[in-house]
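This report refers to the structure that appears directly beneath it.
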Amino acid sequence: MKIGLFVTCLIDAMRPEIGFAAIKLLEEAGCEVAVPSTQTCCGQPAYNSGDAASARALAAKTLNEFESFDFVVVPSGSCAGQIKVHFPQLFENDPPLRARAERLAAKTYELTDFLVNVAPRRSPHAAACGRITYHDSCSGLREMGIKTQPRELLAQAGAELIEMKDCEQCCGFGGTFAVKYGDISGAIVDEKCHHVQATGADAVVLGDLGCMLNIEGRLRRLGVKTRVLHVAQILAGSV
Amino acid sequence: MQVQSMHFKQRSGQKLADVRLQKNLKKLADKFVTARSAAIAELDDFEATRDAAVERRNRVLATLDVWLQTFERNATARGAAVLYAQTHEEATRLIVEIATLHGVRKVTKSKSMVSEEIGLNHAFEATGITPVETDLGEYILQINDNEAPSHIIAPVIHKDKEEISDLFARAHALPRKTEITQLTREAREVLRSHFLSADMGVTGANFLIAETGSAAVVTNEGNEGMCTIMPPKVHVVLTGIEKLLPTLEDLATLMRLLPRSATGQQISNYLSLLTGPRRAGEVDGPEHMYYVLLDAGRSALIGGEFQEMLRCIRCGACMNHCPVYQKVGGHAYGWVYPGPMGSVLTPNYVGIENALDLPQAATFCNQCSVVCPVKIPLPDLMRKLREQQWQRGLRPWSERLGMTAWAFVAKRPALYALATQAAVRVLGWMGGGDRRIRSLRIGGGWTIGRDFPAPSGRTFRELYAARGVRRQQATRE
């Protein structure tokens with residue numbers, strides 16, 4: 001099974017170790033992983049800023065890079081959602097591209113969804129991460145139903161999960177929203193961080209880089225040491 | 001109502017700093033979100049009911065003219081007069097004319113957001129007619145110098161009991177009460193005399209039923225009945241043209257969703273079906289009944305990319321669940337309709353250039369469309385408004401320049417690789433020893449309340465390329 005890994009622009013720039021953790025997990029599941037070197041961004045920032053032309057150009061570029069694989073795996077809910085849900089919408093008025101986008105959407109998976117439903121791992125590691133709590137990212141949860149998959153994998157890996165209050169509530173990231181309305185975004189993530197802290201967990205685990213940078217940024221500003229980890233890092237034992 | 005949506009940023013900042021408001025807004029999630037979730041869980045066919053409601057609302061909107069004619073025919077046959085208003089001004093003029101025609105001096109009002117939209121109380125006062133709000137929340141706002149509601153179903157959600165105690169003591173010139181039961185009794189005593197002395201009642205309508213020519217009105221306080229069945233000679237129903245449902249059976253479908261989505265109730269305390277004025281032999285009801293049906297931007301949405309917004313049944317679930325609304329409250333949005341539904345409606349009704357922030361001030365968490373009983377894709381509609389802003393050059397130059405430059409680079413992989421390598425090094429240096437960036441010059445909004453975590457060191461693509469080279473060497477050796 002040939003997998004194209006869509007690394008995502010934020011993992012590329014900010015947390016490359018998550019990309020490598022994803023490769024490790026996919027290889028352990030018996031996949032052959034390729035990482036097209038020309039990939040950049042799925043186009044979400046342009047799409048959500050109203051620049052549909054740029055969003056379409058980046059979607060078409062991503063289509064060209066990834067449509068030859070058996071599956072496309074994305075270690076991020078919102079980027080996977082962009083490909084699965086929004087690429088076909090972007091090409092609403094272009095039937096040939098829309099058909100291609102729909103084919104790509106059908107074989108695109110968020111990482112934990114893929115590891116549970118398509119290619120179960122052969123030998124789960126025991127994660128040495130102490131007690132954790134899990135933040136559900138909005139796109140993963142509400143666009144693709146990513147809820148039980150990461151929890152199932154974390155349980156297999158022996159993680160002790162303590163659910164926080166309102167774990168499905170948005171962390172306030174919202175892409176450029178976090179910069180344009182920094183005060184509102186800051187108030188939302190503040191509440192999230194209080195819920196994280198209230199669990200007493202050693203780490204908050206999640207599946208999306210936007211939420212990760214947002215929650216980590218607020219925790220550090222509050223002077224809180226709770227670790228912020230991507231689910232792939234824990235599952236791959238690379239923490 | 002005057003549009004203040006262009007001041008969203010400033011207002012939301014004030015609201016975030018208002019400690020008392022922040023405390024009061026917490027009630028919203030604790031009360032409505034929890035109650036809705038429990039009420040929905042009881043329905044074993046919630047999804048099917050939603051689908052049926054969507055189908056009904058879509059059917060009405062696809063042939064709205066036909067349903068309006070059917071409604072008008074049946075309402076007229078039952079003795080009511082059906083009037084149409086294209087604009088806010090036309091609606092207020094019609095209602096004031098009706099009041100003048102019947103020599104009305106005092107009007108009791110049941111809750112109506114359309115009445116807020118057209119500024120009806122102001123128009124009454126300008127002609128010497130006294131309007132009295134009889135929904136408790138709306139009454140509280142009226143005696144507080146005509147304050148605007150901050151929520152479409154819970155208009156005083158931004159206030160706490162203490163504020164209301166102070167207000168009642170001041171406005172009623174009575175000893176200050178502290179118990180809620182005492183406060184409601186006091187309001188009831190004040191309102192009773194108004195009910196008995198009013199000449200006209202104005203209500204909204206949650207739905208208009210085409211087959212019977214009726215208005216369906218949902219309340220929890222029963223005040224609507226006091227406005228329409230007690231003495232008033234005249235009853236005016238003021239609502240939007242999009243509120244139609246074909247049949248009473250459709251009303252039953254929608255009523256399974258509305259109270260549950262709004263307040264988490266299985267059914268509201270009152271549901272009135274009002275069909276025509278009092279007829280010979282009947283003991284109650286108004287002598288005259290009028291419908292004033294407002295367009296004011298609604299018909300312009302039909303056939304366009306925002307038509308789905310007209311399915312809205314005004315339950316308020318979208319705002320109750322909205323992380324932004326939960327933090328800034330309804331007043332920050334600057335017009336009648338706050339939260340996600342308002343962020344789509346306001347730009348459409350008052351002009352996109354007068355409400356630029358509203359569709360932008362959303363995280364696109366999608367919670368609103370998940371809870372919407374009629375499945376309005378609110379984030380998609382807000383994104384369409386963002387596209388219009390972009391196309392019409394309504395975004396600030398810095399944002400346009402930034403996005404255009406970023407997209408130019410993102411389309412060119414070699415350039416992108418160089419640019420990210422450089423950016424990552426600069427950010428890494430800025431992060432210092434503890435890997436925290438405390439202040440950013442570009443994107444400074446981020447660092448108002450949080451750090452920007454520094455990048456790990458090198459980009460994935462650099463490390464991956466290096467790993468590839470190492471592996472090749474290893475194979476060769």
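Each chain in the structure tokens gets a letter, A, B and so on, in the order shown; residues start at 1 in every chain, and ligands are counted from 1 in the order they appear.
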
Give me, as a PyMOL selection string, all polymer residues having an atom no more than 12 Å from Glu116 of chain B, counting only C-alpha atoms and skipping those fewer than 3 positions away in the same chain. chain B and resi 1-3+88+91-92+109-113+119-123+133+138+141-142+146-152+155+203-204+238-239+335-337

For the residues in the current selection, export N, CA and C atoms as a compact mmCIF listing (two decimals), in the first residue's frame.
```
# COMPACT_ATOMS: atom_id res chain seq x y z
N MET B 1 -33.22 49.62 14.09
CA MET B 1 -32.14 49.75 15.06
C MET B 1 -30.87 50.22 14.36
N GLN B 2 -30.19 51.15 15.00
CA GLN B 2 -28.97 51.69 14.40
C GLN B 2 -27.88 50.63 14.34
N VAL B 3 -27.17 50.62 13.23
CA VAL B 3 -26.14 49.61 13.05
C VAL B 3 -24.82 50.08 13.66
N HIS B 88 -37.79 48.81 6.44
CA HIS B 88 -38.07 49.06 7.87
C HIS B 88 -39.02 50.25 8.03
N ALA B 91 -42.56 49.46 7.21
CA ALA B 91 -43.20 48.64 8.24
C ALA B 91 -43.62 49.51 9.42
N THR B 92 -42.75 50.40 9.88
CA THR B 92 -43.12 51.24 11.03
C THR B 92 -44.26 52.17 10.63
N LYS B 109 -46.59 44.87 23.86
CA LYS B 109 -45.82 44.12 22.86
C LYS B 109 -45.31 42.81 23.43
N SER B 110 -45.43 41.77 22.64
CA SER B 110 -44.80 40.50 22.95
C SER B 110 -43.47 40.49 22.19
N LYS B 111 -42.56 39.64 22.61
CA LYS B 111 -41.20 39.70 22.07
C LYS B 111 -41.15 39.53 20.54
N SER B 112 -40.45 40.42 19.87
CA SER B 112 -40.30 40.32 18.42
C SER B 112 -38.98 40.93 18.00
N MET B 113 -38.11 40.12 17.41
CA MET B 113 -36.83 40.66 16.95
C MET B 113 -37.02 41.54 15.73
N GLY B 119 -37.14 49.15 14.58
CA GLY B 119 -37.15 50.26 15.55
C GLY B 119 -38.56 50.73 15.86
N LEU B 120 -39.45 49.78 16.13
CA LEU B 120 -40.87 50.11 16.27
C LEU B 120 -41.16 50.99 17.49
N ASN B 121 -40.51 50.67 18.63
CA ASN B 121 -40.81 51.46 19.83
C ASN B 121 -40.50 52.93 19.63
N HIS B 122 -39.40 53.17 18.97
CA HIS B 122 -39.00 54.55 18.70
C HIS B 122 -40.07 55.25 17.86
N ALA B 123 -40.56 54.55 16.84
CA ALA B 123 -41.59 55.14 15.95
C ALA B 123 -42.87 55.42 16.72
N GLU B 133 -43.20 46.84 26.56
CA GLU B 133 -42.71 45.47 26.34
C GLU B 133 -43.22 44.60 27.48
N GLU B 138 -37.49 41.68 27.81
CA GLU B 138 -37.64 42.90 27.01
C GLU B 138 -38.11 44.07 27.88
N LEU B 141 -35.22 45.53 29.71
CA LEU B 141 -34.40 46.38 28.82
C LEU B 141 -35.08 47.71 28.55
N GLN B 142 -36.40 47.66 28.39
CA GLN B 142 -37.12 48.91 28.08
C GLN B 142 -37.00 49.89 29.24
N ASN B 146 -34.28 51.77 27.27
CA ASN B 146 -34.37 51.13 25.96
C ASN B 146 -33.07 50.48 25.51
N GLU B 147 -32.47 49.75 26.42
CA GLU B 147 -31.25 49.00 26.08
C GLU B 147 -31.58 47.94 25.03
N ALA B 148 -30.61 47.61 24.19
CA ALA B 148 -30.84 46.60 23.15
C ALA B 148 -30.70 45.19 23.73
N PRO B 149 -31.48 44.23 23.21
CA PRO B 149 -31.31 42.84 23.66
C PRO B 149 -29.93 42.32 23.25
N SER B 150 -29.40 41.37 24.02
CA SER B 150 -28.09 40.83 23.66
C SER B 150 -28.18 39.39 23.17
N HIS B 151 -29.41 38.89 23.08
CA HIS B 151 -29.60 37.49 22.65
C HIS B 151 -31.00 37.44 22.06
N ILE B 152 -31.21 36.59 21.05
CA ILE B 152 -32.52 36.63 20.40
C ILE B 152 -33.63 35.94 21.19
N PRO B 155 -33.03 37.89 26.07
CA PRO B 155 -32.52 39.23 25.78
C PRO B 155 -31.68 39.86 26.89
N THR B 203 -47.36 41.49 18.31
CA THR B 203 -46.57 40.28 18.57
C THR B 203 -45.73 39.96 17.34
N GLY B 204 -44.76 39.13 17.54
CA GLY B 204 -44.06 38.55 16.40
C GLY B 204 -44.79 37.28 16.00
N LEU B 238 -46.26 41.16 13.53
CA LEU B 238 -45.14 41.68 12.74
C LEU B 238 -44.09 40.59 12.62
N THR B 239 -43.80 40.19 11.40
CA THR B 239 -42.76 39.17 11.23
C THR B 239 -42.19 39.24 9.81
N TRP B 335 -25.85 44.89 16.13
CA TRP B 335 -27.16 45.05 15.51
C TRP B 335 -28.11 44.06 16.17
N VAL B 336 -29.23 43.76 15.52
CA VAL B 336 -30.29 42.98 16.16
C VAL B 336 -29.90 41.52 16.39
N TYR B 337 -29.22 40.95 15.38
CA TYR B 337 -28.97 39.51 15.40
C TYR B 337 -27.50 39.23 15.69
```

Shell of 9 Å around Leu61 of chain B, only C-alpha atoms, local chain residues under 5 positions omitted, as a PyMOL selection string: chain B and resi 56+67+242+244+302+307-308+310-311

Can you spit out the residues from that selection as a PDB file, in the first residue's frame, using N, CA and C atoms?
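Here's the written file part.pdb:
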```
ATOM      1  N   ARG B  56     -38.886  20.935   4.496  1.00  0.00           N
ATOM      2  CA  ARG B  56     -40.058  21.820   4.533  1.00  0.00           C
ATOM      3  C   ARG B  56     -39.670  23.279   4.318  1.00  0.00           C
ATOM      4  N   TRP B  67     -46.586  30.461  -1.420  1.00  0.00           N
ATOM      5  CA  TRP B  67     -47.005  30.251  -0.029  1.00  0.00           C
ATOM      6  C   TRP B  67     -47.509  31.542   0.595  1.00  0.00           C
ATOM      7  N   GLU B 242     -40.252  35.291   5.472  1.00  0.00           N
ATOM      8  CA  GLU B 242     -39.707  33.938   5.294  1.00  0.00           C
ATOM      9  C   GLU B 242     -40.233  32.942   6.319  1.00  0.00           C
ATOM     10  N   LEU B 244     -42.889  31.358   6.774  1.00  0.00           N
ATOM     11  CA  LEU B 244     -44.017  30.498   6.403  1.00  0.00           C
ATOM     12  C   LEU B 244     -43.747  29.008   6.541  1.00  0.00           C
ATOM     13  N   ILE B 302     -33.138  35.149  -1.860  1.00  0.00           N
ATOM     14  CA  ILE B 302     -33.687  33.979  -2.548  1.00  0.00           C
ATOM     15  C   ILE B 302     -33.026  33.820  -3.917  1.00  0.00           C
ATOM     16  N   GLN B 307     -29.361  31.860   0.346  1.00  0.00           N
ATOM     17  CA  GLN B 307     -30.763  31.463   0.528  1.00  0.00           C
ATOM     18  C   GLN B 307     -30.961  30.562   1.750  1.00  0.00           C
ATOM     19  N   GLU B 308     -29.991  29.680   1.987  1.00  0.00           N
ATOM     20  CA  GLU B 308     -30.145  28.730   3.101  1.00  0.00           C
ATOM     21  C   GLU B 308     -30.329  29.434   4.445  1.00  0.00           C
ATOM     22  N   LEU B 310     -32.243  31.734   5.118  1.00  0.00           N
ATOM     23  CA  LEU B 310     -33.659  32.017   5.363  1.00  0.00           C
ATOM     24  C   LEU B 310     -34.391  30.842   6.013  1.00  0.00           C
ATOM     25  N   ARG B 311     -33.730  29.682   6.086  1.00  0.00           N
ATOM     26  CA  ARG B 311     -34.354  28.566   6.811  1.00  0.00           C
ATOM     27  C   ARG B 311     -34.407  28.824   8.308  1.00  0.00           C
TER      28      ARG B 311
END
```

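Proximity to Ser272 of chain B was assessed for B:Ala173, B:Leu16, B:Val217, B:Cys315 counting only C-alpha atoms; the smallest distance is recorded for B:Val217.
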
Neighbours of chain A in chain B at 6 Å, counting only C-alpha atoms, as a PyMOL selection string: chain B and resi 363+365+386-387+390+410+413+443+445-446+449-453+455-456+459-460

Keeping only C-alpha atoms, write the selected residues as a PDB file, in the first residue's frame.
```
ATOM      1  CA  THR B 363     -12.997  30.410  14.433  1.00  0.00           C
ATOM      2  CA  CYS B 365     -15.150  25.579  14.713  1.00  0.00           C
ATOM      3  CA  ARG B 386     -15.235  36.727   3.364  1.00  0.00           C
ATOM      4  CA  GLU B 387     -14.861  35.934  -0.347  1.00  0.00           C
ATOM      5  CA  TRP B 390     -11.862  39.925  -0.700  1.00  0.00           C
ATOM      6  CA  ALA B 410       3.280  28.726  -1.446  1.00  0.00           C
ATOM      7  CA  PRO B 413       7.957  24.915  -3.832  1.00  0.00           C
ATOM      8  CA  GLY B 443       0.929  39.058  13.745  1.00  0.00           C
ATOM      9  CA  GLY B 445      -2.459  39.937  17.840  1.00  0.00           C
ATOM     10  CA  TRP B 446      -1.222  36.445  18.647  1.00  0.00           C
ATOM     11  CA  GLY B 449      -2.437  36.831  25.550  1.00  0.00           C
ATOM     12  CA  ARG B 450      -0.029  34.038  24.709  1.00  0.00           C
ATOM     13  CA  ASP B 451       3.491  33.232  23.589  1.00  0.00           C
ATOM     14  CA  PHE B 452       4.342  31.997  20.151  1.00  0.00           C
ATOM     15  CA  PRO B 453       6.173  28.706  20.608  1.00  0.00           C
ATOM     16  CA  PRO B 455      10.009  26.181  15.951  1.00  0.00           C
ATOM     17  CA  SER B 456      11.959  23.020  16.701  1.00  0.00           C
ATOM     18  CA  THR B 459      12.162  22.318   8.612  1.00  0.00           C
ATOM     19  CA  PHE B 460      10.797  18.852   8.001  1.00  0.00           C
TER      20      PHE B 460
END
```

Please provide as a ChimeraX atom specification all residues within 12 Å of Asn74 of chain B, with the sequence filter that same-chain residues fewer than 5 positions apart are discarded (counting only C-alpha atoms). /B:67-69,79-82,208-215,246-247,275-276

Can you list every residue in segment 69-230 of chain A that DSSP puts in strand (DSSP E or B), as number ranges by chain? A: 71-74, 108-110, 131-134, 160-161, 203-206, 227-230

Selected residues written out with N, CA and C atoms, as a short mmCIF file (atom, residue, chain, number, x, y, z; two decimals), in the first residue's frame:
```cif
data_model
loop_
_atom_site.label_atom_id
_atom_site.label_comp_id
_atom_site.auth_asym_id
_atom_site.auth_seq_id
_atom_site.Cartn_x
_atom_site.Cartn_y
_atom_site.Cartn_z
N PHE A 71 -3.38 5.97 -0.83
CA PHE A 71 -4.01 6.74 0.24
C PHE A 71 -3.17 7.99 0.52
N VAL A 72 -3.84 9.00 1.01
CA VAL A 72 -3.13 10.19 1.47
C VAL A 72 -3.40 10.30 2.97
N VAL A 73 -2.35 10.42 3.75
CA VAL A 73 -2.52 10.51 5.20
C VAL A 73 -2.00 11.86 5.68
N VAL A 74 -2.78 12.44 6.59
CA VAL A 74 -2.49 13.79 7.05
C VAL A 74 -2.49 13.81 8.59
N THR A 108 -8.30 10.15 1.27
CA THR A 108 -7.53 10.95 2.22
C THR A 108 -8.01 10.68 3.65
N TYR A 109 -7.07 10.45 4.55
CA TYR A 109 -7.40 10.13 5.94
C TYR A 109 -6.58 10.94 6.91
N GLU A 110 -7.21 11.31 7.99
CA GLU A 110 -6.49 11.85 9.13
C GLU A 110 -5.70 10.68 9.73
N ARG A 131 0.10 10.82 32.81
CA ARG A 131 -1.34 11.00 32.62
C ARG A 131 -1.58 12.09 31.59
N ILE A 132 -2.51 11.82 30.69
CA ILE A 132 -2.76 12.79 29.62
C ILE A 132 -4.23 13.18 29.56
N THR A 133 -4.49 14.30 28.89
CA THR A 133 -5.86 14.66 28.56
C THR A 133 -5.89 14.97 27.08
N TYR A 134 -7.05 14.77 26.43
CA TYR A 134 -7.09 14.92 24.97
C TYR A 134 -8.00 16.06 24.54
N GLU A 160 -2.77 6.83 30.19
CA GLU A 160 -3.86 7.05 31.14
C GLU A 160 -4.53 8.37 30.80
N LEU A 161 -5.77 8.26 30.31
CA LEU A 161 -6.48 9.45 29.82
C LEU A 161 -7.44 9.98 30.88
N ALA A 203 0.29 15.97 30.38
CA ALA A 203 0.36 16.46 29.00
C ALA A 203 -1.04 16.59 28.42
N VAL A 204 -1.22 17.60 27.57
CA VAL A 204 -2.43 17.67 26.77
C VAL A 204 -2.04 17.19 25.37
N VAL A 205 -2.83 16.23 24.88
CA VAL A 205 -2.51 15.59 23.61
C VAL A 205 -3.57 15.99 22.60
N LEU A 206 -3.16 16.20 21.35
CA LEU A 206 -4.11 16.63 20.33
C LEU A 206 -3.61 16.23 18.96
N ARG A 227 2.90 19.59 29.35
CA ARG A 227 3.42 19.40 27.99
C ARG A 227 2.26 19.40 26.98
N VAL A 228 2.56 19.79 25.77
CA VAL A 228 1.57 19.78 24.70
C VAL A 228 2.13 18.90 23.59
N LEU A 229 1.46 17.79 23.34
CA LEU A 229 2.02 16.80 22.43
C LEU A 229 1.03 16.39 21.35
N HIS A 230 1.57 16.12 20.18
CA HIS A 230 0.74 15.56 19.11
C HIS A 230 0.57 14.07 19.37
#
```

I want to know what sits within 10 Å of Leu183 of chain B, based on only C-alpha atoms, with residues of the same chain fewer than 3 positions away left out; could you give that as a VMD selection string? chain B and resid 161 164 to 165 168 to 169 176 to 180 186 to 189
